[in-house]
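For reference, the structure is listed below as structure tokens.
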2 protein chains.
Amino acid sequence: MPTYTAPVKDLQFVLHDMLNVSSSDIPGYNELEADFTSAVLEEAGKLTGEVLSPLNVVGDHEGCRLENGVVYTPTGFKDAFEQVKEGGWTGLDMPEEYGGQNMPVVLGTAVGEMFSASNQAFTMYQGLTHGAAAAILAHGTDEQKNKWLPKMVSCEWTGTMNLTEPHCGTDLGLMRTKAEPQDNGTYKISGQKIFISAGDHDMADNIVHLVLAKVPGGPEGIKGVSLFIVPKFLVDDEGNIGARNGVTVGSIEEKMGIHGNSTCVLNYDDAEGYLIGDLNKGMRAMFTMMNEARLGVGMQGLAQAEVAYQNALAYAKDRLQGRAVTGVENPDGLADPLIVHPDIRRSLMDQKSFVEGARAFILWGATMLDESHRKGDKDADGLISLLTPVIKGFLTDEGYDMTVKAQQVYGGHGYIEEWGMSQFTRDARIAMIYEGANGVQALDLVGRKLAADGGKHVMAFFELVKTFCKENGEDEVLKDFVGPLKQASKDLQAAGMYFMQAGMKNPNDALSGSNDFMHLFGHVCLGLMWAQMAKAANAALASGAEDKDFYKTKLTTGRYYMARRLPATGLHLARIQSGGDTVMALAADQF
Amino acid sequence: MPTYTAPVKDLQFVLHDMLNVSSSDIPGYNELEADFTSAVLEEAGKLTGEVLSPLNVVGDHEGCRLENGVVYTPTGFKDAFEQVKEGGWTGLDMPEEYGGQNMPVVLGTAVGEMFSASNQAFTMYQGLTHGAAAAILAHGTDEQKNKWLPKMVSCEWTGTMNLTEPHCGTDLGLMRTKAEPQDNGTYKISGQKIFISAGDHDMADNIVHLVLAKVPGGPEGIKGVSLFIVPKFLVDDEGNIGARNGVTVGSIEEKMGIHGNSTCVLNYDDAEGYLIGDLNKGMRAMFTMMNEARLGVGMQGLAQAEVAYQNALAYAKDRLQGRAVTGVENPDGLADPLIVHPDIRRSLMDQKSFVEGARAFILWGATMLDESHRKGDKDADGLISLLTPVIKGFLTDEGYDMTVKAQQVYGGHGYIEEWGMSQFTRDARIAMIYEGANGVQALDLVGRKLAADGGKHVMAFFELVKTFCKENGEDEVLKDFVGPLKQASKDLQAAGMYFMQAGMKNPNDALSGSNDFMHLFGHVCLGLMWAQMAKAANAALASGAEDKDFYKTKLTTGRYYMARRLPATGLHLARIQSGGDTVMALAADQF
């Protein structure tokens, strides 16, 4: 059975050596001293490694079941959920007035990686609750906040997000679910929603569904969509749970992975609902939380890659097969461990350099969210808006590929379910799809974010890279980083330039390269992260830090990324510059 | 539920327009007139599309079950197997004297693609039988051939290959299964074999296991391995089935995919076995068939990509979501079909250009096998030996990626099992692992095949490319093909040169790039295939062939490959030339 050990040291390195969080002027960051974050991470590491991780395989094997309208979660999930609630983990970065601990998002994200890595299907129950609570926090009335948030922050009640319908996912303007206004100010919601993660279960007393629906007579399409709170059980003004509301589980979907999460078809039949935010502004209310939600999904890509890598590494050190080409390395054994073989190392280094770079990228992104929310910094908000589709799309595409590589290290043992490696790929697969499929992320990036605010955010990004290269170009240790980073950034600029010129003439020329642009951008971001981590590691070595080996390994791993992974930018640029002609040439019936 | 339509027209195009099989001087090829192959392919297309394809999902859902030592295949498999046998499909390219039809491998391969695409798990029962029969054909005595082959060619009895043990897969020298010689010339086989595809089932009267084992007292390691025939039921000299032999099913593995195939743990306990081929030369006997077997697995990569693509394409034409960025294309509908979106097309073109290129590559490879076997052509044999790891490794890696892309077209519907897209990725995943994991293919290519016979086969390949470019460089229509092909071939040569120079100093420098080399080589091969197909399509257009649209679409699809896919060679070369330093820098405990 696979195991999971929280990468506390690596997280601490990013938080403190690279991001220097406790020296930041973002409100609340001064509390994030190394000792404090270490204590939090160690504690989260224990819970995730000892309680959640062993339940990951259980969830996969048992799945959820629907019996007489009631959904049952896998063995052990309920007890584990109690432990998570008791530990106060569900409200880590929620406001104190609703029972949270008001920690910055950056710490919540570091902890969140552990939860996702140890048991993604389980963690989604609290993840969806967090997202729904954040929407109520941003758009609810004081009355709504007081009524729903305290129980949601504690996860006594959980939450869901209801967008998709059988005939529409991405294009929500086609939605059919109706909300009929009632005389008392409430609405009657009717319709069918599908793919509702954590849609129903036996771990909470109530479930607060956030549902997108159309009020009849409103504007056509997406402009007529509003957001509603629709609880599973009605709640009176004193907060007591009353009658069952008109929402039932049609079925639980059979999926490729995340079996431990109950993905439901929910049928709404005159269910009582309460408008949240403004009428017909439902999409805006739902999308306010999109940056956080998508950063969270990007993190799942990293998280599954991390746990898969940990297990592949252990197997590569343990499994004896063949001899090193340069001479026997394990003379006492009948064979050498797999890790002596160059192609196994190539795979492990791909994985290692990805997860460490991705971790830095996500935590850096989280600091921007904090800067935006806690300081009202518009530039940080603009930059993280630009980078969000990259974090979501690139990290989940790559994260999935890394789980496939980890599985491959096991040979045939990776294909049978006994070793658990198949689950990591099956669970990681969903992150490329939900919260906006990765093609939609690429479209958002190229079609919307790139040119937003006159392109100032992408210019700010290039400025960051340029400044780093200028300030560190003379440093002998960093020369393996600065040169490749400059080249990659040049590729990114050339791609942006191509889009500006070609996109003017024919938008298909730009959009045909959107997926490649997202990946190109992602590689440049990870290149920048590795350059910054190399600088931090180098500084630590220069200042005589203990554990030199740790910092030297960071430099070596970074060099691998710069030499082997970053040159992908050239390929993506070539594809982008080939334009849309070959992509769009065939009529649909010629395929 | 997914559907499958055999790509008869595309197969005919490769066989006749590109390869001109019926004009070849390979013995037996003159029978392969277009009308004849068309009739065979249409017939196979009916069986696979109407009978095998609908059972694919059934096999996935039900799996195989072991009850009281008996293995039961999924509902409908037994009847379908009878139809396959009655149609004579199991012996298509086997010798007439054992009941086969003595058709060339190239036709067997074209038909094989359909079988694999429609139902991989099902097709493995006959595929393993074919492999085992081929081993007996090549290494058995006349007595053995007469005893076992007729029933295996008809699939009245099926076959298996037993290599892997719990502690060894790739490194078979570590094997522990013993074969004790008996006074009557037979052997008593004892040990445990795992991952035995089609290891036991209820569709045949007997199962002929080919088992690798060591005779005590023989040479150490791989040099002491011999190959044995071990039937499930003993067979007397008249061919009558007798007592049960000492082989039992320990369990059926739970796997990520190919659930319809019974992957067994087989326990041998003093089972009666018969030496096949020479004592201690078991690996040689097993590996004689390796080129065919690996070509067959490469074909599975293509086959799963093909069927996944077919369904993704249908969905992209049918599913309405969003509007084309250049203006409404489906004014009568609430939205446009997915296929209008550039990123969906990019994905579909990736898939289409891969499957059509891969099909040409495999069928070309099959002609070399025929040339080697039927004409005794050593050059053809050398070239296909060189290309076999490329066919197996590149086409299964890429084929898997294509199934993931096809699944992605469906969004959330690709993740639930209801639509069947998840099965294609789960089934395709195994082809990267079995018959030698792809890392082993890359090692075989770089460490063995590249320098074999003084490097003459890779030189012959370069010569092929050069000749094509020289002969067609002035053709206006082919200029989009010749230029990119030249560049890609140059990258491949540079990589080969690097290996020669670096590998001399330190083999790790070469082996660190083995995976990239395999992919680089694969792209050049597909580039060559597209250039040849473009030439053939162009010739057909020039000669006034009917269905101009078909040939024009070939040219367009080929241009896409050359512009968008082939430039990957530059990235692979850059990685290769970065050498082994960053790959090998970390000590195992620094990971």
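Lettering and numbering for the structure tokens are positional, with chains as A, B, ... in the shown order, residues counted from 1 in each chain, and ligands counted from 1 in the shown order.
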
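Within 6 Å of chain A, and using only C-alpha atoms, the residues found on chain B are Asp171, Glu254, Lys255, Met256, Gln321, Gly322, Pro342, Asp343, Arg346, Gly411, Tyr415, Ile416, Glu417, Ile433, Leu511, Ser512, Tyr560, Arg564, Arg575, Thr582 and Val583 of chain B.
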
| message | Can you tell me which residues surround Asp427 (chain A) at a distance of at most 10 Å, considering only C-alpha atoms, apart from same-chain residues fewer than 5 positions away, and format the answer as a list in words? | response |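 That gives Asp60, Asn119, Gln120, Ala121, Lys255, Met256, Gly257, Ile258, His259, Gln300, Gly301, Gln304, Tyr400, Thr403 and Ser422 of chain A.
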
| request: Show which residues sit within 10 Å of Ser24 (chain B), as a PyMOL selection string. Count only C-alpha atoms, and ignore same-chain residues fewer than 6 positions away. | output: chain B and resi 30+32+367+371

Output for the residues just chosen: C-alpha atoms as a PDB file, in the first residue's frame:
ATOM      1  CA  ASN B  30       0.805 -10.836 -55.425  1.00  0.00           C
ATOM      2  CA  LEU B  32      -2.930  -8.968 -52.036  1.00  0.00           C
ATOM      3  CA  THR B 367       6.190  -5.669 -44.767  1.00  0.00           C
ATOM      4  CA  GLU B 371      10.468  -9.569 -46.413  1.00  0.00           C
TER       5      GLU B 371
END

| field | Selection: 12 Å around Phe287 (chain B), only C-alpha atoms, excl. self and same-chain fewer than 6 positions, as a list of chain:residue names | value | B:Gly131, B:Ala132, B:Ala134, B:Ala135, B:Ala138, B:His139, B:Met161, B:Leu163, B:Leu212, B:Ser226, B:Leu227, B:Lys281, B:Ala293, B:Arg294, B:Ser385, B:Glu435, B:Gly436

| said: I want to know what sits within 9 Å of Leu92 (chain B), based on only C-alpha atoms, with residues of the same chain fewer than 2 positions away left out; could you give that as number ranges by chain? | reply: B: 88-90, 94-95, 100-105, 107-108, 153

Export all heavy atoms of the chosen residues as an mmCIF file, in the first residue's frame?
data_model
loop_
_atom_site.group_PDB
_atom_site.id
_atom_site.type_symbol
_atom_site.label_atom_id
_atom_site.label_comp_id
_atom_site.auth_asym_id
_atom_site.auth_seq_id
_atom_site.Cartn_x
_atom_site.Cartn_y
_atom_site.Cartn_z
ATOM 1 N N GLY B 88 -12.329 -18.203 -39.130
ATOM 2 C CA GLY B 88 -10.960 -18.507 -39.539
ATOM 3 C C GLY B 88 -9.967 -17.378 -39.268
ATOM 4 O O GLY B 88 -8.862 -17.363 -39.812
ATOM 5 N N TRP B 89 -10.369 -16.433 -38.412
ATOM 6 C CA TRP B 89 -9.509 -15.256 -38.176
ATOM 7 C C TRP B 89 -8.273 -15.567 -37.352
ATOM 8 O O TRP B 89 -7.306 -14.815 -37.383
ATOM 9 C CB TRP B 89 -10.322 -14.151 -37.479
ATOM 10 C CG TRP B 89 -11.438 -13.671 -38.332
ATOM 11 C CD1 TRP B 89 -12.768 -13.955 -38.166
ATOM 12 C CD2 TRP B 89 -11.327 -12.870 -39.516
ATOM 13 N NE1 TRP B 89 -13.498 -13.371 -39.177
ATOM 14 C CE2 TRP B 89 -12.634 -12.701 -40.012
ATOM 15 C CE3 TRP B 89 -10.260 -12.290 -40.202
ATOM 16 C CZ2 TRP B 89 -12.907 -11.969 -41.173
ATOM 17 C CZ3 TRP B 89 -10.528 -11.556 -41.340
ATOM 18 C CH2 TRP B 89 -11.830 -11.395 -41.818
ATOM 19 N N THR B 90 -8.320 -16.682 -36.628
ATOM 20 C CA THR B 90 -7.214 -16.932 -35.697
ATOM 21 C C THR B 90 -5.956 -17.434 -36.403
ATOM 22 O O THR B 90 -4.873 -17.353 -35.854
ATOM 23 C CB THR B 90 -7.631 -17.973 -34.634
ATOM 24 O OG1 THR B 90 -7.952 -19.204 -35.324
ATOM 25 C CG2 THR B 90 -8.846 -17.510 -33.857
ATOM 26 N N MET B 94 -0.992 -17.889 -40.366
ATOM 27 C CA MET B 94 -0.285 -19.095 -39.955
ATOM 28 C C MET B 94 -0.209 -20.062 -41.144
ATOM 29 O O MET B 94 -1.003 -19.968 -42.076
ATOM 30 C CB MET B 94 -1.019 -19.744 -38.772
ATOM 31 C CG MET B 94 -1.015 -18.901 -37.507
ATOM 32 S SD MET B 94 0.654 -18.454 -36.906
ATOM 33 C CE MET B 94 0.920 -19.709 -35.668
ATOM 34 N N PRO B 95 0.738 -21.020 -41.093
ATOM 35 C CA PRO B 95 0.931 -21.933 -42.229
ATOM 36 C C PRO B 95 -0.295 -22.800 -42.509
ATOM 37 O O PRO B 95 -0.986 -23.228 -41.587
ATOM 38 C CB PRO B 95 2.102 -22.823 -41.782
ATOM 39 C CG PRO B 95 2.761 -22.088 -40.673
ATOM 40 C CD PRO B 95 1.715 -21.254 -40.021
ATOM 41 N N GLY B 100 -3.798 -22.911 -41.027
ATOM 42 C CA GLY B 100 -3.851 -21.462 -41.243
ATOM 43 C C GLY B 100 -4.087 -21.115 -42.698
ATOM 44 O O GLY B 100 -4.295 -21.991 -43.539
ATOM 45 N N GLN B 101 -4.054 -19.811 -42.993
ATOM 46 C CA GLN B 101 -4.322 -19.368 -44.363
ATOM 47 C C GLN B 101 -3.088 -18.797 -45.033
ATOM 48 O O GLN B 101 -3.169 -18.311 -46.165
ATOM 49 C CB GLN B 101 -5.452 -18.346 -44.359
ATOM 50 C CG GLN B 101 -6.741 -18.938 -43.795
ATOM 51 C CD GLN B 101 -7.877 -17.944 -43.875
ATOM 52 O OE1 GLN B 101 -8.097 -17.350 -44.910
ATOM 53 N NE2 GLN B 101 -8.566 -17.772 -42.772
ATOM 54 N N ASN B 102 -2.000 -18.806 -44.314
ATOM 55 C CA ASN B 102 -0.702 -18.449 -44.890
ATOM 56 C C ASN B 102 -0.666 -17.047 -45.512
ATOM 57 O O ASN B 102 0.080 -16.798 -46.451
ATOM 58 C CB ASN B 102 -0.304 -19.500 -45.945
ATOM 59 C CG ASN B 102 1.187 -19.471 -46.208
ATOM 60 O OD1 ASN B 102 1.959 -19.155 -45.294
ATOM 61 N ND2 ASN B 102 1.606 -19.748 -47.426
ATOM 62 N N MET B 103 -1.495 -16.152 -44.999
ATOM 63 C CA MET B 103 -1.468 -14.773 -45.493
ATOM 64 C C MET B 103 -0.232 -14.045 -44.944
ATOM 65 O O MET B 103 0.271 -14.384 -43.884
ATOM 66 C CB MET B 103 -2.734 -14.034 -45.032
ATOM 67 C CG MET B 103 -3.974 -14.429 -45.793
ATOM 68 S SD MET B 103 -3.866 -13.844 -47.499
ATOM 69 C CE MET B 103 -4.299 -15.337 -48.363
ATOM 70 N N PRO B 104 0.253 -13.035 -45.655
ATOM 71 C CA PRO B 104 1.380 -12.262 -45.132
ATOM 72 C C PRO B 104 1.044 -11.566 -43.807
ATOM 73 O O PRO B 104 -0.115 -11.275 -43.532
ATOM 74 C CB PRO B 104 1.629 -11.225 -46.235
ATOM 75 C CG PRO B 104 1.079 -11.842 -47.476
ATOM 76 C CD PRO B 104 -0.110 -12.634 -47.021
ATOM 77 N N VAL B 105 2.091 -11.267 -43.051
ATOM 78 C CA VAL B 105 1.930 -10.575 -41.773
ATOM 79 C C VAL B 105 1.259 -9.219 -41.978
ATOM 80 O O VAL B 105 0.499 -8.746 -41.138
ATOM 81 C CB VAL B 105 3.306 -10.404 -41.072
ATOM 82 C CG1 VAL B 105 3.192 -9.521 -39.842
ATOM 83 C CG2 VAL B 105 3.861 -11.772 -40.683
ATOM 84 N N LEU B 107 -1.125 -8.324 -43.842
ATOM 85 C CA LEU B 107 -2.589 -8.401 -43.827
ATOM 86 C C LEU B 107 -3.083 -8.764 -42.427
ATOM 87 O O LEU B 107 -4.072 -8.212 -41.944
ATOM 88 C CB LEU B 107 -3.088 -9.423 -44.861
ATOM 89 C CG LEU B 107 -4.617 -9.463 -45.030
ATOM 90 C CD1 LEU B 107 -5.162 -8.134 -45.520
ATOM 91 C CD2 LEU B 107 -5.044 -10.590 -45.977
ATOM 92 N N GLY B 108 -2.353 -9.688 -41.782
ATOM 93 C CA GLY B 108 -2.705 -10.048 -40.406
ATOM 94 C C GLY B 108 -2.656 -8.829 -39.494
ATOM 95 O O GLY B 108 -3.468 -8.685 -38.578
ATOM 96 N N VAL B 153 -3.743 -23.018 -33.805
ATOM 97 C CA VAL B 153 -4.040 -22.161 -34.963
ATOM 98 C C VAL B 153 -5.548 -21.899 -35.053
ATOM 99 O O VAL B 153 -5.993 -20.800 -35.374
ATOM 100 C CB VAL B 153 -3.495 -22.800 -36.265
ATOM 101 C CG1 VAL B 153 -4.076 -22.129 -37.498
ATOM 102 C CG2 VAL B 153 -1.964 -22.729 -36.275
#

| field | Spatial neighbours of Glu272 (chain B), max dist 9 Å, only C-alpha atoms, sep filter under 5 positions, as a PyMOL selection string | value | chain B and resi 186-189+229-231+234+245-246

Please dump the current selection as a tab-separated table (two decimals), in the first residue's frame; keep C-alpha atoms.
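Wrote part.tsv, looks like this:
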chain	number	residue	atom	x	y	z
B	186	THR	CA	9.83	-34.72	-19.64
B	187	TYR	CA	10.34	-32.16	-16.87
B	188	LYS	CA	8.55	-31.36	-13.63
B	189	ILE	CA	7.93	-27.62	-13.46
B	229	ILE	CA	5.45	-26.38	-23.09
B	230	VAL	CA	3.18	-26.99	-20.11
B	231	PRO	CA	-0.42	-27.77	-21.03
B	234	LEU	CA	-2.17	-33.47	-20.58
B	245	ASN	CA	-1.70	-31.00	-15.16
B	246	GLY	CA	-0.13	-29.46	-12.05

| field | Nearest to Gly382 (chain B) by atom-to-atom distance, counting only C-alpha atoms, from B:Leu11, B:Ala312, B:Leu450, B:Leu52 | value |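 Going through B:Leu11, B:Ala312, B:Leu450, B:Leu52 one by one, the smallest distance to Gly382 (chain B) is for B:Leu450.
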
| task | Mind checking which residues fall within 9 Å of region 357-363 of chain B, counting only C-alpha atoms, ignoring those fewer than 4 positions away in the same chain, and posting them as number ranges by chain? | result | B: 10-11, 14-15, 18-19, 105-107, 109-110, 113, 295-296, 298-299, 301-303, 352-353, 367-368, 391, 395, 399, 525-530, 533, 558, 561

| task | Choose the residue, out of B:Phe36, B:Asn184, B:Phe122, B:Gly199, that has the smallest atom-to-atom separation from Val21 (chain B); count only C-alpha atoms. | result |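 The answer is B:Phe36, which sits nearest to Val21 (chain B).
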
| field | CA of Pro216 (chain B) to CA of Gln182 (chain B), straight-line distance in Å | value |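 Value for the CA of Gln182 (chain B)-CA of Pro216 (chain B) distance: 12.2 Å.
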